[in-house]
file model-v4.cif (mmCIF, C-alpha atoms, pLDDT in the B column; chains and numbers go by the auth columns)
data_coords
#
loop_
_atom_site.group_PDB
_atom_site.id
_atom_site.type_symbol
_atom_site.label_atom_id
_atom_site.label_comp_id
_atom_site.label_asym_id
_atom_site.label_seq_id
_atom_site.Cartn_x
_atom_site.Cartn_y
_atom_site.Cartn_z
_atom_site.B_iso_or_equiv
_atom_site.auth_seq_id
_atom_site.auth_asym_id
ATOM 1 C CA GLU A 1 81.086 54.378 160.623 91.00 1 A
ATOM 2 C CA GLN A 2 83.953 56.071 162.459 92.00 2 A
ATOM 3 C CA ILE A 3 86.015 56.935 159.376 95.00 3 A
ATOM 4 C CA PRO A 4 84.892 59.899 157.250 95.00 4 A
ATOM 5 C CA GLY A 5 85.580 60.242 153.548 97.00 5 A
ATOM 6 C CA THR A 6 84.968 58.455 150.267 98.00 6 A
ATOM 7 C CA ILE A 7 84.644 54.658 150.308 97.00 7 A
ATOM 8 C CA MET A 8 86.260 52.699 147.481 97.00 8 A
ATOM 9 C CA ALA A 9 84.366 49.403 147.302 97.00 9 A
ATOM 10 C CA VAL A 10 86.638 47.285 145.148 97.00 10 A
ATOM 11 C CA GLY A 11 84.371 44.639 143.628 96.00 11 A
ATOM 12 C CA ASP A 12 82.717 41.362 144.726 96.00 12 A
ATOM 13 C CA LEU A 13 80.389 43.368 146.922 95.00 13 A
ATOM 14 C CA ALA A 14 77.327 41.077 146.933 93.00 14 A
ATOM 15 C CA TYR A 15 78.064 37.373 147.288 90.00 15 A
ATOM 16 C CA PRO A 16 77.699 34.981 145.744 94.00 16 A
ATOM 17 C CA ASP A 17 76.165 36.088 142.460 95.00 17 A
ATOM 18 C CA GLY A 18 75.448 39.814 142.549 95.00 18 A
ATOM 19 C CA THR A 19 71.692 39.218 142.436 97.00 19 A
ATOM 20 C CA ALA A 20 69.003 41.616 143.596 97.00 20 A
ATOM 21 C CA ALA A 21 68.702 39.566 146.798 97.00 21 A
ATOM 22 C CA ASN A 22 72.457 39.722 147.345 96.00 22 A
ATOM 23 C CA PHE A 23 72.422 43.492 146.976 97.00 23 A
ATOM 24 C CA ALA A 24 69.511 43.717 149.416 97.00 24 A
ATOM 25 C CA CYS A 25 71.889 42.106 151.913 95.00 25 A
ATOM 26 C CA TYR A 26 74.667 44.527 150.955 95.00 26 A
ATOM 27 C CA ASP A 27 72.263 47.399 151.455 97.00 27 A
ATOM 28 C CA LYS A 28 71.792 46.470 155.121 96.00 28 A
ATOM 29 C CA THR A 29 75.541 46.578 155.800 93.00 29 A
ATOM 30 C CA TRP A 30 77.893 48.560 153.578 94.00 30 A
ATOM 31 C CA GLY A 31 74.855 50.108 151.922 96.00 31 A
ATOM 32 C CA ARG A 32 74.565 52.396 154.923 96.00 32 A
ATOM 33 C CA PHE A 33 77.401 54.359 153.307 97.00 33 A
ATOM 34 C CA LYS A 34 76.082 54.267 149.747 97.00 34 A
ATOM 35 C CA ASP A 35 75.974 58.060 149.493 96.00 35 A
ATOM 36 C CA ARG A 36 79.766 58.241 149.875 97.00 36 A
ATOM 37 C CA THR A 37 80.744 55.035 148.068 98.00 37 A
ATOM 38 C CA ARG A 38 82.409 54.956 144.635 98.00 38 A
ATOM 39 C CA PRO A 39 82.394 51.282 143.588 98.00 39 A
ATOM 40 C CA ALA A 40 84.342 49.102 141.190 98.00 40 A
ATOM 41 C CA VAL A 41 82.764 46.008 139.674 98.00 41 A
ATOM 42 C CA GLY A 42 84.068 42.488 140.415 97.00 42 A
ATOM 43 C CA ASN A 43 83.757 39.071 138.850 96.00 43 A
ATOM 44 C CA HIS A 44 80.954 37.967 141.204 96.00 44 A
ATOM 45 C CA GLU A 45 78.780 40.882 140.084 97.00 45 A
ATOM 46 C CA PHE A 46 79.044 39.443 136.568 96.00 46 A
ATOM 47 C CA HIS A 47 77.615 36.107 137.736 95.00 47 A
ATOM 48 C CA SER A 48 74.409 37.997 136.988 96.00 48 A
ATOM 49 C CA ALA A 49 74.479 38.768 133.262 95.00 49 A
ATOM 50 C CA GLY A 50 76.008 42.163 132.536 96.00 50 A
ATOM 51 C CA ALA A 51 76.340 42.836 136.289 97.00 51 A
ATOM 52 C CA THR A 52 72.771 44.084 135.952 97.00 52 A
ATOM 53 C CA TYR A 53 71.920 44.387 139.638 98.00 53 A
ATOM 54 C CA TYR A 54 75.249 46.051 140.494 98.00 54 A
ATOM 55 C CA PHE A 55 74.526 48.837 138.022 98.00 55 A
ATOM 56 C CA GLN A 56 70.890 49.047 139.081 98.00 56 A
ATOM 57 C CA TYR A 57 71.858 49.323 142.745 98.00 57 A
ATOM 58 C CA PHE A 58 74.570 51.965 142.385 98.00 58 A
ATOM 59 C CA GLY A 59 73.127 53.844 139.419 97.00 59 A
ATOM 60 C CA SER A 60 75.129 56.632 137.822 95.00 60 A
ATOM 61 C CA ILE A 61 77.878 56.589 140.479 95.00 61 A
ATOM 62 C CA ALA A 62 79.087 53.259 139.015 97.00 62 A
ATOM 63 C CA GLY A 63 79.706 54.734 135.583 95.00 63 A
ATOM 64 C CA ASP A 64 78.204 53.698 132.270 96.00 64 A
ATOM 65 C CA PRO A 65 76.713 50.166 132.574 96.00 65 A
ATOM 66 C CA LYS A 66 78.207 49.368 129.173 96.00 66 A
ATOM 67 C CA THR A 67 81.748 49.952 130.462 97.00 67 A
ATOM 68 C CA GLY A 68 81.901 50.121 134.277 97.00 68 A
ATOM 69 C CA TYR A 69 84.987 52.323 134.300 98.00 69 A
ATOM 70 C CA TYR A 70 85.071 56.012 135.183 98.00 70 A
ATOM 71 C CA SER A 71 87.093 58.632 137.021 97.00 71 A
ATOM 72 C CA TYR A 72 86.632 61.497 139.444 96.00 72 A
ATOM 73 C CA ASP A 73 88.665 64.070 141.334 95.00 73 A
ATOM 74 C CA LEU A 74 89.129 63.975 145.086 95.00 74 A
ATOM 75 C CA GLY A 75 90.834 67.044 146.485 92.00 75 A
ATOM 76 C CA SER A 76 94.095 67.470 144.626 94.00 76 A
ATOM 77 C CA TRP A 77 94.093 63.834 143.459 97.00 77 A
ATOM 78 C CA HIS A 78 92.638 62.175 140.369 97.00 78 A
ATOM 79 C CA VAL A 79 90.919 58.818 140.965 98.00 79 A
ATOM 80 C CA VAL A 80 90.535 56.196 138.228 98.00 80 A
ATOM 81 C CA VAL A 81 88.136 53.245 138.609 98.00 81 A
ATOM 82 C CA LEU A 82 88.602 50.380 136.151 98.00 82 A
ATOM 83 C CA ASN A 83 86.730 47.218 135.117 98.00 83 A
ATOM 84 C CA SER A 84 88.978 44.157 135.348 98.00 84 A
ATOM 85 C CA GLU A 85 86.383 41.797 133.846 97.00 85 A
ATOM 86 C CA CYS A 86 88.170 42.150 130.551 97.00 86 A
ATOM 87 C CA LYS A 87 86.029 39.911 128.351 95.00 87 A
ATOM 88 C CA GLU A 88 82.916 41.773 129.519 95.00 88 A
ATOM 89 C CA VAL A 89 84.303 45.150 128.501 95.00 89 A
ATOM 90 C CA GLY A 90 85.974 44.433 125.175 95.00 90 A
ATOM 91 C CA GLY A 91 89.381 43.407 126.528 96.00 91 A
ATOM 92 C CA CYS A 92 92.133 44.965 128.632 97.00 92 A
ATOM 93 C CA ASN A 93 94.803 44.620 125.968 98.00 93 A
ATOM 94 C CA THR A 94 96.697 47.445 124.326 98.00 94 A
ATOM 95 C CA GLY A 95 94.325 49.159 121.920 98.00 95 A
ATOM 96 C CA SER A 96 91.180 47.962 123.696 98.00 96 A
ATOM 97 C CA PRO A 97 88.499 50.594 124.365 98.00 97 A
ATOM 98 C CA GLN A 98 89.297 50.679 128.097 98.00 98 A
ATOM 99 C CA GLU A 99 93.058 50.960 127.552 98.00 99 A
ATOM 100 C CA ILE A 100 92.554 53.780 125.041 98.00 100 A
ATOM 101 C CA TRP A 101 90.240 55.576 127.483 98.00 101 A
ATOM 102 C CA LEU A 102 92.760 55.080 130.293 98.00 102 A
ATOM 103 C CA ARG A 103 95.523 56.706 128.266 96.00 103 A
ATOM 104 C CA ARG A 104 93.334 59.701 127.486 96.00 104 A
ATOM 105 C CA ASP A 105 91.754 60.195 130.905 96.00 105 A
ATOM 106 C CA PRO A 106 94.806 61.241 132.998 87.00 106 A
ATOM 107 C CA ALA A 107 95.883 63.636 130.261 86.00 107 A
ATOM 108 C CA ALA A 108 92.488 65.337 130.574 90.00 108 A
ATOM 109 C CA HIS A 109 92.980 65.677 134.357 88.00 109 A
ATOM 110 C CA PRO A 110 96.500 67.087 134.810 83.00 110 A
ATOM 111 C CA VAL A 111 96.831 66.842 138.598 83.00 111 A
ATOM 112 C CA ALA A 112 99.922 65.993 140.607 84.00 112 A
ATOM 113 C CA CYS A 113 98.848 62.584 141.957 96.00 113 A
ATOM 114 C CA THR A 114 96.682 59.685 140.788 97.00 114 A
ATOM 115 C CA VAL A 115 95.222 56.627 142.510 98.00 115 A
ATOM 116 C CA ALA A 116 93.486 53.822 140.612 98.00 116 A
ATOM 117 C CA TYR A 117 91.424 50.897 141.850 98.00 117 A
ATOM 118 C CA TRP A 118 89.804 47.842 140.337 98.00 118 A
ATOM 119 C CA HIS A 119 89.064 44.271 141.374 98.00 119 A
ATOM 120 C CA ILE A 120 91.659 41.836 139.960 98.00 120 A
ATOM 121 C CA PRO A 121 95.318 42.652 140.747 98.00 121 A
ATOM 122 C CA LEU A 122 98.249 42.372 138.400 98.00 122 A
ATOM 123 C CA PHE A 123 100.459 41.333 141.324 98.00 123 A
ATOM 124 C CA SER A 124 99.390 39.042 144.183 98.00 124 A
ATOM 125 C CA SER A 125 100.943 36.342 146.365 98.00 125 A
ATOM 126 C CA GLY A 126 97.505 34.883 147.072 97.00 126 A
ATOM 127 C CA ALA A 127 97.399 31.122 146.552 95.00 127 A
ATOM 128 C CA LYS A 128 93.876 31.163 145.102 94.00 128 A
ATOM 129 C CA HIS A 129 94.408 33.635 142.262 95.00 129 A
ATOM 130 C CA GLY A 130 97.893 35.194 142.252 96.00 130 A
ATOM 131 C CA ASN A 131 99.169 37.356 139.398 96.00 131 A
ATOM 132 C CA ASP A 132 96.917 38.189 136.461 97.00 132 A
ATOM 133 C CA PRO A 133 99.039 39.363 133.496 98.00 133 A
ATOM 134 C CA GLU A 134 95.892 40.189 131.485 97.00 134 A
ATOM 135 C CA ILE A 135 95.797 43.429 133.508 97.00 135 A
ATOM 136 C CA ARG A 136 99.350 44.470 132.583 98.00 136 A
ATOM 137 C CA PRO A 137 98.414 46.840 129.699 98.00 137 A
ATOM 138 C CA LEU A 138 96.215 48.854 132.093 98.00 138 A
ATOM 139 C CA TRP A 139 99.049 49.028 134.633 98.00 139 A
ATOM 140 C CA GLN A 140 101.384 50.117 131.830 98.00 140 A
ATOM 141 C CA ALA A 141 99.054 52.959 130.891 98.00 141 A
ATOM 142 C CA LEU A 142 98.923 54.101 134.516 97.00 142 A
ATOM 143 C CA TYR A 143 102.708 53.816 134.817 98.00 143 A
ATOM 144 C CA ASP A 144 103.171 55.905 131.673 97.00 144 A
ATOM 145 C CA ALA A 145 100.867 58.524 133.215 95.00 145 A
ATOM 146 C CA ASN A 146 102.971 58.573 136.425 95.00 146 A
ATOM 147 C CA ALA A 147 100.190 57.178 138.629 97.00 147 A
ATOM 148 C CA ASP A 148 101.097 56.649 142.278 97.00 148 A
ATOM 149 C CA VAL A 149 98.852 54.052 143.927 98.00 149 A
ATOM 150 C CA VAL A 150 96.768 51.037 142.864 98.00 150 A
ATOM 151 C CA VAL A 151 94.249 49.248 145.120 98.00 151 A
ATOM 152 C CA ASN A 152 92.768 45.816 144.279 98.00 152 A
ATOM 153 C CA TRP A 153 90.942 42.942 145.948 96.00 153 A
ATOM 154 C CA HIS A 154 90.073 39.445 144.493 96.00 154 A
ATOM 155 C CA ASP A 155 92.440 37.451 146.720 96.00 155 A
ATOM 156 C CA HIS A 156 90.996 37.321 150.248 97.00 156 A
ATOM 157 C CA ASP A 157 93.936 38.787 152.131 98.00 157 A
ATOM 158 C CA TYR A 158 95.902 41.978 152.744 98.00 158 A
ATOM 159 C CA GLU A 159 99.153 42.577 150.886 98.00 159 A
ATOM 160 C CA ARG A 160 101.276 45.663 150.336 98.00 160 A
ATOM 161 C CA PHE A 161 103.875 45.978 147.605 98.00 161 A
ATOM 162 C CA GLY A 162 106.775 48.359 147.218 98.00 162 A
ATOM 163 C CA PRO A 163 106.839 50.683 144.196 98.00 163 A
ATOM 164 C CA GLN A 164 107.314 48.684 141.009 98.00 164 A
ATOM 165 C CA ALA A 165 107.178 48.828 137.240 98.00 165 A
ATOM 166 C CA PRO A 166 104.651 46.924 135.090 98.00 166 A
ATOM 167 C CA ASP A 167 107.126 44.048 134.653 98.00 167 A
ATOM 168 C CA GLY A 168 107.361 43.569 138.414 98.00 168 A
ATOM 169 C CA SER A 169 110.806 45.080 138.829 98.00 169 A
ATOM 170 C CA LYS A 170 111.492 47.396 141.768 98.00 170 A
ATOM 171 C CA ASP A 171 111.221 51.048 140.758 98.00 171 A
ATOM 172 C CA LEU A 172 111.687 53.475 143.625 96.00 172 A
ATOM 173 C CA LYS A 173 111.821 56.507 141.324 95.00 173 A
ATOM 174 C CA ARG A 174 108.443 56.314 139.592 94.00 174 A
ATOM 175 C CA GLY A 175 106.995 52.889 140.363 98.00 175 A
ATOM 176 C CA ILE A 176 103.407 52.344 141.491 98.00 176 A
ATOM 177 C CA ARG A 177 102.636 51.021 144.979 98.00 177 A
ATOM 178 C CA GLU A 178 99.944 48.328 144.956 98.00 178 A
ATOM 179 C CA PHE A 179 97.694 47.237 147.816 98.00 179 A
ATOM 180 C CA VAL A 180 95.533 44.102 147.772 98.00 180 A
ATOM 181 C CA ALA A 181 92.803 44.779 150.338 97.00 181 A
ATOM 182 C CA GLY A 182 90.561 41.716 150.158 96.00 182 A
ATOM 183 C CA THR A 183 89.577 41.918 153.816 96.00 183 A
ATOM 184 C CA GLY A 184 86.004 43.177 153.608 89.00 184 A
ATOM 185 C CA GLY A 185 84.243 40.234 155.216 81.00 185 A
ATOM 186 C CA LYS A 186 83.807 37.115 153.023 86.00 186 A
ATOM 187 C CA ASN A 187 86.542 34.742 154.273 92.00 187 A
ATOM 188 C CA HIS A 188 90.322 34.459 154.316 95.00 188 A
ATOM 189 C CA ARG A 189 92.487 32.373 152.001 94.00 189 A
ATOM 190 C CA PRO A 190 96.150 31.380 152.385 96.00 190 A
ATOM 191 C CA PHE A 191 99.136 32.888 150.653 97.00 191 A
ATOM 192 C CA GLY A 192 101.472 31.111 148.329 97.00 192 A
ATOM 193 C CA PRO A 193 105.184 31.951 148.280 97.00 193 A
ATOM 194 C CA PRO A 194 105.687 35.743 148.399 98.00 194 A
ATOM 195 C CA ILE A 195 106.391 37.240 145.001 98.00 195 A
ATOM 196 C CA PRO A 196 109.001 39.986 144.437 98.00 196 A
ATOM 197 C CA ASN A 197 108.375 43.405 146.042 98.00 197 A
ATOM 198 C CA SER A 198 105.770 42.038 148.479 98.00 198 A
ATOM 199 C CA GLU A 199 106.440 43.905 151.723 98.00 199 A
ATOM 200 C CA VAL A 200 103.571 43.027 154.108 98.00 200 A
ATOM 201 C CA ARG A 201 101.064 40.155 154.108 98.00 201 A
ATOM 202 C CA ASN A 202 98.207 39.109 156.377 98.00 202 A
ATOM 203 C CA ALA A 203 95.491 36.487 155.933 97.00 203 A
ATOM 204 C CA ASP A 204 93.715 36.308 159.283 97.00 204 A
ATOM 205 C CA THR A 205 92.332 39.813 159.903 98.00 205 A
ATOM 206 C CA PHE A 206 89.294 41.541 158.458 97.00 206 A
ATOM 207 C CA GLY A 207 89.502 45.310 158.201 97.00 207 A
ATOM 208 C CA VAL A 208 89.689 48.331 155.928 97.00 208 A
ATOM 209 C CA LEU A 209 92.507 50.147 154.176 98.00 209 A
ATOM 210 C CA LYS A 210 92.399 53.866 154.899 98.00 210 A
ATOM 211 C CA LEU A 211 94.192 56.160 152.440 98.00 211 A
ATOM 212 C CA THR A 212 94.721 59.793 153.357 98.00 212 A
ATOM 213 C CA LEU A 213 95.373 61.832 150.222 97.00 213 A
ATOM 214 C CA ARG A 214 97.077 65.204 150.555 96.00 214 A
ATOM 215 C CA ASN A 215 98.855 67.659 148.288 95.00 215 A
ATOM 216 C CA GLY A 216 101.962 65.904 146.986 92.00 216 A
ATOM 217 C CA GLY A 217 101.670 62.794 149.130 96.00 217 A
ATOM 218 C CA TYR A 218 99.582 60.160 150.871 98.00 218 A
ATOM 219 C CA SER A 219 99.557 57.875 153.897 98.00 219 A
ATOM 220 C CA TRP A 220 98.015 54.469 154.465 98.00 220 A
ATOM 221 C CA GLN A 221 96.704 52.606 157.480 98.00 221 A
ATOM 222 C CA PHE A 222 95.137 49.179 157.766 98.00 222 A
ATOM 223 C CA ILE A 223 92.439 49.385 160.431 98.00 223 A
ATOM 224 C CA PRO A 224 91.577 45.918 161.808 98.00 224 A
ATOM 225 C CA GLU A 225 88.288 44.605 163.109 95.00 225 A
ATOM 226 C CA PRO A 226 87.805 44.883 166.886 95.00 226 A
ATOM 227 C CA GLY A 227 89.838 42.335 168.817 96.00 227 A
ATOM 228 C CA LYS A 228 92.570 41.973 166.187 96.00 228 A
ATOM 229 C CA THR A 229 96.015 43.522 166.433 97.00 229 A
ATOM 230 C CA PHE A 230 97.406 43.369 162.891 98.00 230 A
ATOM 231 C CA THR A 231 97.938 46.741 161.295 98.00 231 A
ATOM 232 C CA ASP A 232 100.089 48.357 158.633 98.00 232 A
ATOM 233 C CA SER A 233 100.871 52.005 158.055 98.00 233 A
ATOM 234 C CA GLY A 234 103.235 54.310 156.221 98.00 234 A
ATOM 235 C CA GLU A 235 103.437 57.337 153.971 97.00 235 A
#

call {"tool": "encode", "arguments": {"input": "model-v4.cif", "output": "structure tokens"}}
result
Amino acid sequence: EQIPGTIMAVGDLAYPDGTAANFACYDKTWGRFKDRTRPAVGNHEFHSAGATYYFQYFGSIAGDPKTGYYSYDLGSWHVVVLNSECKEVGGCNTGSPQEIWLRRDPAAHPVACTVAYWHIPLFSSGAKHGNDPEIRPLWQALYDANADVVVNWHDHDYERFGPQAPDGSKDLKRGIREFVAGTGGKNHRPFGPPIPNSEVRNADTFGVLKLTLRNGGYSWQFIPEPGKTFTDSGE
């Protein structure tokens, strides 16, 4: 309520099954900001066949219900929203419809900086889910397009990575920085051993990740719930 701007709601928004009743609950909380929310779909939305109620609730701002991926411009930045439920969208592999679209989309929006978000991360130290290599072709397409930032959720924690290449190697020249921001309110889960390039981790604080996008750069700040002291910031 105190932070202006566009809200990226990164999937699993209506527990547990993305039903109409679950979204009625969402509407009483985060739904207060529906007019400035640009959502991504998560695996729990697909507990209801075709994520039907997710697409009914958000309408056209969630993209085509047949795909669930889309893009938009925000100031001088291009924003890409993907669907990480690969089997529901015809795969995430090289040559899949989404991967082909992702390679064409940044070329059609030649701006200086790009941020992408979707639900399931390629890289995560979370003990429940961890890395998901099925997403790697999408990361590769973003890397080839010189994207700058990726935001995910899925694991119920906060984790920040240093810039890295699709194979997980450190790449300070043109690597993508990934955030896992699974701190929206469900519950916390423990970490496993930290994987390479993991810089900051927290699994006991709810809060939001605030990105400030400007010409030629960006800054980040984790804003905790009242009463908690954990934070993270940089640019």

call {"tool": "closest_atom_pairs", "arguments": {"input": "model-v4.cif", "of": "range 111-194 of chain A", "to": "range 204-212 of chain A", "cutoff": "7 Å", "atoms": "only C-alpha atoms", "output": "JSON lines"}}
result
{"residue": "A:Ala181", "atom": "CA", "partner": "A:Leu209", "partner_atom": "CA", "distance": 6.6}
{"residue": "A:Thr183", "atom": "CA", "partner": "A:Phe206", "partner_atom": "CA", "distance": 4.7}
{"residue": "A:Gly184", "atom": "CA", "partner": "A:Phe206", "partner_atom": "CA", "distance": 6.1}
{"residue": "A:Gly185", "atom": "CA", "partner": "A:Phe206", "partner_atom": "CA", "distance": 6.1}
{"residue": "A:His188", "atom": "CA", "partner": "A:Asp204", "partner_atom": "CA", "distance": 6.3}

call {"tool": "residues_around", "arguments": {"input": "model-v4.cif", "residues": "range 109-117 of chain A", "least_positions_apart": "4", "cutoff": "8 Å", "atoms": "only C-alpha atoms", "output": "list of chain:residue names"}}
result
A:Met8, A:Val10, A:Ala40, A:Ser76, A:Trp77, A:His78, A:Val79, A:Val80, A:Val81, A:Leu82, A:Asp105, A:Asn146, A:Ala147, A:Asp148, A:Val149, A:Val150, A:Val151, A:Asn152, A:Asn215, A:Gly216, A:Gly217

call {"tool": "closest_residue", "arguments": {"input": "model-v4.cif", "among": "A:Phe58, A:Phe161, A:Tyr53, A:Phe222", "to": "Asp35 in chain A", "atoms": "only C-alpha atoms"}}
result
A:Phe58

call {"tool": "resolve_selection", "arguments": {"input": "model-v4.cif", "expression": "the PyMOL selection byres ((chain A and resi 174) around 9)", "output": "short mmCIF file (atom, residue, chain, number, x, y, z; two decimals) with C-alpha atoms, keeping the file's coordinate frame"}}
result
data_model
loop_
_atom_site.label_atom_id
_atom_site.label_comp_id
_atom_site.auth_asym_id
_atom_site.auth_seq_id
_atom_site.Cartn_x
_atom_site.Cartn_y
_atom_site.Cartn_z
CA TYR A 143 102.71 53.82 134.82
CA ASN A 146 102.97 58.57 136.43
CA ALA A 147 100.19 57.18 138.63
CA ASP A 148 101.10 56.65 142.28
CA PRO A 163 106.84 50.68 144.20
CA GLN A 164 107.31 48.68 141.01
CA ALA A 165 107.18 48.83 137.24
CA ASP A 171 111.22 51.05 140.76
CA LEU A 172 111.69 53.48 143.62
CA LYS A 173 111.82 56.51 141.32
CA GLY A 175 107.00 52.89 140.36
CA ILE A 176 103.41 52.34 141.49
#

call {"tool": "resolve_selection", "arguments": {"input": "model-v4.cif", "expression": "the PyMOL selection byres ((chain A and resi 93) around 9)", "output": "ChimeraX atom specification"}}
result
/A:86,90-92,94-99,134-138

call {"tool": "residues_around", "arguments": {"input": "model-v4.cif", "residues": "Lys66 in chain A", "least_positions_apart": "4", "cutoff": "12 Å", "atoms": "all atoms listed in the file", "output": "JSON list (two decimals) with C-alpha atoms, in the coordinates of the input"}}
result
[["chain", "number", "residue", "atom", "x", "y", "z"],
["A", 41, "VAL", "CA", 82.76, 46.01, 139.67],
["A", 49, "ALA", "CA", 74.48, 38.77, 133.26],
["A", 50, "GLY", "CA", 76.01, 42.16, 132.54],
["A", 51, "ALA", "CA", 76.34, 42.84, 136.29],
["A", 52, "THR", "CA", 72.77, 44.08, 135.95],
["A", 55, "PHE", "CA", 74.53, 48.84, 138.02],
["A", 60, "SER", "CA", 75.13, 56.63, 137.82],
["A", 62, "ALA", "CA", 79.09, 53.26, 139.01],
["A", 70, "TYR", "CA", 85.07, 56.01, 135.18],
["A", 83, "ASN", "CA", 86.73, 47.22, 135.12],
["A", 88, "GLU", "CA", 82.92, 41.77, 129.52],
["A", 89, "VAL", "CA", 84.30, 45.15, 128.50],
["A", 90, "GLY", "CA", 85.97, 44.43, 125.18],
["A", 97, "PRO", "CA", 88.50, 50.59, 124.36],
["A", 98, "GLN", "CA", 89.30, 50.68, 128.10]]

call {"tool": "closest_residue", "arguments": {"input": "model-v4.cif", "among": "A:Tyr15, A:Tyr69, A:Phe23, A:Trp101", "to": "His44 in chain A", "atoms": "all atoms listed in the file"}}
result
A:Tyr15

call {"tool": "atom_distance", "arguments": {"input": "model-v4.cif", "atom1": "CA of Glu159 in chain A", "atom2": "CA of Asn202 in chain A"}}
result
6.6 Å

call {"tool": "atom_distance", "arguments": {"input": "model-v4.cif", "atom1": "CA of Asn187 in chain A", "atom2": "CA of Trp139 in chain A"}}
result
27.3 Å
